[in-house]
Amino acid sequence: MTTQAISPLREAWMQFLRNKPAVFGLVLLSAIILTILYGRFIFSGDPYQIVWAPLSPPGERGYLFGTDFLGRDILTGILKGGAPTLAVGVSAAVLTVVIGIVMGALAGYFGGWMDDLLMRITEFFQVLPALLFAMVLVTLFSPSLYTISFAIGIVSWPPTARLTRAEFLRIRELEYVTAARSIGAGNARIIFKVILPNALPPLIVSAALTVGVAILFEAGLSFLGLGDPNTVSWGLMIGQNRNFLLEAWWPVAIPGLAIFVTVFAVSLVGDGLNDAFNPKLRSR
Amino acid sequence: MSPLLSLSDLRVEFDTRHGRVTALAGISLDVMPGETLGIVGESGCGKSITALAMMGLIPNPPGHVTGGTISFEGDDITGAGAKRMRQLRGSDIAMIFQEPMTSLNPVFTVGDQIAEAILLHQNISRAEADKQVIDLLATVGIPEPETRARAYPHQLSGGMRQRVMIAMAISCRPKLLIADEPTTALDVTVQAQIFDLMRDIQAKFGVAIVLITHDMGAIAEMTDRVAVMYAGRIIEQGTSDQILDNPLHPYTRGLIGCIPVLGRAAASTDRLPPLAEIPGVVPPLHLLGDGCAFADRCALADDHCRAVRPPLADKGHPVACHKAGGTP
C-alpha cells in the first residue's frame with residue numbers, strides 16, 4: 001500500500017502522459033491556441049481590408065497564404081478567425097454538456113415519470129435532422145456567434161443526456177449512494193457530490209469530442225452562408241470562397257486545413273482522455 | 001424502559017413483474033437503548049429490508065410501506081417528511097453496510113467523506129471537522145490517522161474500510177447503529193476485530209446496535225436478543241440464550257445445526273460429522289400460500305401446517321410454529 005495518496009484524477013493524468021498520440025494532440029492544441037491568442041498581435045492587420053489583387057497565390061508579394069476573392073490577406077483571416085471558431089466550438093460544447101447533464105441526471109436519478117418525460121423530450125430533439133434544425137434556429141434569431149453556439153448546443157445535447165442518464169442509472173444503485181443517504185445527505189447533494197463526480201470520466205471525454213464536432217458544425221453552417229457575417233471564422237472563409245474553388249484552391253483549402261488540424265488535435269486529446277479514464281486500459 | 005426504536009406490524013410491499021409481493025408481512029420489533037439486537041435469516045428473508053425500513057430508505061418505487069408504524073423515541077416517523085428523515089439519519093440512526101469495498105465513494109478521500117458526514121449535522125468549521133476526523137479514525141483503531149485520512153478508499157484494506165465506515169457512522173454520536181452483515185465480506189480474523197471494535201464503541205458511547213446477519217456465531221458473540229426471520233415474518237424471538245440453547249422453531253434449529261463443529265468436539269469423533277443443511281430454498285415471495293412458509297422444507301410439517309399459518313405465540317418465548325413445544 002502506498003502511504004502517499006494519489007487521487008483518481010492525478011492517476012488519470014499520469015496515464016494520459018504515457019499516451020504519446022494524446023500528448024502530441026495536447027501540444028498541437030496548445031500551439032494552436034497560443035498562435036490564435038498571440039498571433040494577431042504580430043499580424044495586427046484587419047482581415048476585412050483589401051490588400052492586394054484578388055486570388056493571388058500564396059507567397060506573392062509577401063502574403064504567405066495568398067489572398068481571397070476580394071484580395072484580403074488569408075493569413076490575417078486565419079489568425080483572426082481562429083478565436084471565434086474555437087469560441088463557438090467550446091461554448092457550444094459547454095452548452096451541450098450542461099443541458100445534457102441536467103436532463104440526464106434528473107432522468108436517471110429520479111426515474112419514473114420524470115425519466116419518461118425527459119427522455120421523450122430528448123428523443124424529440126434526437127430525431128430532428130441536426131443541421132436543418134440548427135439552420136432554422138440560426139435563421140430565426142439572425143446569425144451571430146451567440147446564436148450559432150446556442151443552435152449547435154441545442155441540437156447536440158441528446159447523446160450527452162443519454163450518456164449521463166445511463167451513468168446515473170448505474171451509479172445510483174451502488175452501495176455508496178445508499179451509504180450517503182444513510183448519513184443524511186439529500187437529493188441535491190447526492191446528485192452533485194456523490195453521483196456526478198463518479199459519472200464525470202465518460203462525460204469529460206464526450207465533452208472534448210463535442211468541441212471538435214461543434215467546430216465542424218460551425219464550419220458547415222458558415223459554408224451554407226449562415227455564419228456571422230461580421231466575424232471572420234474559418235468556416236465563413238471557406239463558405240465565401242467556395243464559388244472560386246476552380247480558379248483558386250488556397251482560399252478554401254487553407255482554412256479547411258486549419259479546421260482539420262484543430263479538430264484532429266481535439267480528437268487526439270479526447271481519445272487520450274478516454275483511455276486515461278478507462279480503468280480496463282490502465283496499466284497496473 | 002421505553003424502546004428506542006419500535007416497529008409495529010410493519011408491512012412493506014414491492015411491485016415486481018409478478019405483481020405486488022409482500023417483503024415484510026407485519027413485523028413487530030423493539031430496540032431498547034444500549035442493547036444489541038440480532039436479526040438472523042437466510043438471504044431473501046427480509047432482514048435487509050427491515051434495516052432499510054428503520055432508516056426510511058425503502059427504495060420507492062418499487063417499494064411501499066403499506067401498513068404499520070415505525071417510531072423512534074416514541075415519535076412516529078412512518079410518514080415523516082424528507083427533511084425530518086435526513087435529520088434523523090446520521091445523527092440519530094446510522095448504518096454500516098455489508099460491502100466496505102463499495103460503500104465508500106471512490107473519488108473522495110476517506111477523511112473528506114467522514115468530514116462531510118460531520119458537517120451535514122453539526123454547525124462547525126471544516127478545520128474543526130477535520131480535527132474530529134482524526135480523532136474518529138484513532139477511535140476506530142486506524143494507525144497513523146493523519147495519513148490515512150488523506151487516503152482514497154481503494155488504498156485501504158477491507159477491514160480498514162469497514163473501520164472507516166464505522167467512524168463515519170458514529171461521527172455524530174447516533175443512538176442506534178444498524179449493521180447490515182458488517183463482516184460478511186471480511187476474512188475471519190478481521191471479523192473478530194470488527195466485532196471487538198463494535199463492542200468497544202457500544203461500551204464507550206452506549207449506542208444500541210441492530211446486527212443483521214446469517215451467522216449464528218456472530219449472534220452468540222454479539223447480541224442480547226435475537227429475532228429470527230423467515231419469508232418476511234419474524235418466526236422466533238427471544239434472548240440470545242433462549243434462542244441458542246432452546247430453539248423452538250425447526251428453522252432456528254436448522255440454522256444452529258448449520259454451524260460447523262471444529263476443534264475438540266470434532267476431534268472426539270473419528271471423523272468430522274457431515275455439515276448439516278436445511279433442504280430447499282426460501283420460497284419466492286410471490287408463491288407464498290396460506291400455510292406456514294417453512295412447511296415445504298420442514299420435516300415436521302403436516303397438512304395443518306400447510307393450510308394454516310401459525311401465529312407468533314408465547315411458548316417459553318415467542319415462536320410461530322404449530323409443532324413448537326411438542327416432540328421434535
# chains A, B, ... in the order shown; residues from 1 in each chain; ligands from 1

$ residues_around --residues "Leu106 in chain A" --least-positions-apart "6" --cutoff "10 Å" --atoms "only C-alpha atoms" --output "ChimeraX atom specification"
/A:114-115,118,161,164-165,168,191

$ write_last_selection --atoms "N, CA and C atoms" --output "tab-separated table (two decimals), in the first residue's frame"
chain	number	residue	atom	x	y	z
A	114	MET	N	-40.58	11.31	-14.29
A	114	MET	CA	-39.57	12.31	-14.64
A	114	MET	C	-38.68	11.78	-15.78
A	115	ASP	N	-38.26	10.52	-15.61
A	115	ASP	CA	-37.45	9.85	-16.62
A	115	ASP	C	-38.21	9.79	-17.95
A	118	LEU	N	-38.55	13.42	-19.52
A	118	LEU	CA	-37.29	13.98	-20.01
A	118	LEU	C	-36.74	13.19	-21.18
A	161	ALA	N	-27.05	13.65	-22.79
A	161	ALA	CA	-28.10	13.37	-21.81
A	161	ALA	C	-28.26	11.86	-21.63
A	164	THR	N	-25.29	10.53	-19.67
A	164	THR	CA	-25.40	10.89	-18.26
A	164	THR	C	-26.45	10.04	-17.57
A	165	ARG	N	-27.60	9.87	-18.24
A	165	ARG	CA	-28.68	9.07	-17.65
A	165	ARG	C	-28.21	7.65	-17.37
A	168	PHE	N	-25.97	7.59	-14.39
A	168	PHE	CA	-26.73	7.79	-13.16
A	168	PHE	C	-27.53	6.53	-12.80
A	191	ILE	N	-26.89	13.94	-5.93
A	191	ILE	CA	-26.71	14.10	-7.37
A	191	ILE	C	-25.37	14.75	-7.69

$ select_by_dssp --residues "range 5-231 of chain A" --states "strand (DSSP E or B)" --output "list in words"
Ile50, Thr67, Arg72 and Asp73 of chain A

$ interface_residues --of "chain A" --to "chain B" --cutoff "10 Å" --atoms "only C-alpha atoms" --output "MDAnalysis selection string"
chainID A and resid 1:9 110:112 173:187 193:195 197:198

$ atom_distance --atom1 "CA of Gly158 in chain B" --atom2 "CA of Leu186 in chain B"
6.5 Å

$ atom_distance --atom1 "CA of Gly238 in chain B" --atom2 "CA of His317 in chain B"
5.7 Å

$ closest_residue --among "B:Ala203, B:Met160, B:Ile178, B:Ile209" --to "Val190 in chain B" --atoms "only C-alpha atoms"
B:Met160

$ decode --residues "range 227-278 of chain A" --atoms "C-alpha atoms" --output "compact mmCIF listing (two decimals), in the first residue's frame"
# COMPACT_ATOMS: atom_id res chain seq x y z
CA GLY A 227 -22.23 32.22 -40.43
CA ASP A 228 -21.97 35.51 -38.60
CA PRO A 229 -21.07 37.89 -41.47
CA ASN A 230 -19.47 40.38 -39.06
CA THR A 231 -16.99 37.99 -37.57
CA VAL A 232 -14.32 36.17 -39.54
CA SER A 233 -14.27 32.46 -38.84
CA TRP A 234 -12.59 29.61 -40.67
CA GLY A 235 -15.92 28.21 -41.79
CA LEU A 236 -17.00 31.62 -43.10
CA MET A 237 -13.78 31.93 -45.13
CA ILE A 238 -14.48 28.56 -46.77
CA GLY A 239 -18.08 29.48 -47.40
CA GLN A 240 -17.29 32.84 -49.02
CA ASN A 241 -14.56 31.49 -51.25
CA ARG A 242 -16.19 28.26 -52.34
CA ASN A 243 -17.54 29.80 -55.60
CA PHE A 244 -13.99 30.44 -56.75
CA LEU A 245 -12.65 26.98 -55.89
CA LEU A 246 -11.94 26.16 -59.55
CA GLU A 247 -9.82 29.30 -60.08
CA ALA A 248 -8.03 29.27 -56.72
CA TRP A 249 -7.87 26.36 -54.24
CA TRP A 250 -5.98 28.08 -51.44
CA PRO A 251 -8.67 30.39 -50.02
CA VAL A 252 -10.73 27.26 -49.32
CA ALA A 253 -8.00 24.72 -48.63
CA ILE A 254 -6.03 26.73 -46.06
CA PRO A 255 -8.92 27.43 -43.64
CA GLY A 256 -10.03 23.84 -44.27
CA LEU A 257 -6.59 22.61 -43.23
CA ALA A 258 -6.73 24.80 -40.11
CA ILE A 259 -10.08 23.24 -39.16
CA PHE A 260 -8.74 19.77 -39.89
CA VAL A 261 -5.62 20.20 -37.74
CA THR A 262 -7.60 21.71 -34.84
CA VAL A 263 -10.30 19.02 -34.83
CA PHE A 264 -7.59 16.38 -35.19
CA ALA A 265 -5.76 17.74 -32.11
CA VAL A 266 -9.01 17.93 -30.12
CA SER A 267 -9.86 14.34 -31.09
CA LEU A 268 -6.43 13.07 -30.04
CA VAL A 269 -6.85 14.75 -26.67
CA GLY A 270 -10.38 13.35 -26.37
CA ASP A 271 -9.22 9.82 -27.17
CA GLY A 272 -6.35 10.22 -24.73
CA LEU A 273 -8.81 11.26 -22.00
CA ASN A 274 -10.96 8.27 -22.87
CA ASP A 275 -8.03 5.90 -22.41
CA ALA A 276 -6.86 7.69 -19.27
CA PHE A 277 -10.25 7.32 -17.61
CA ASN A 278 -10.85 3.77 -18.78
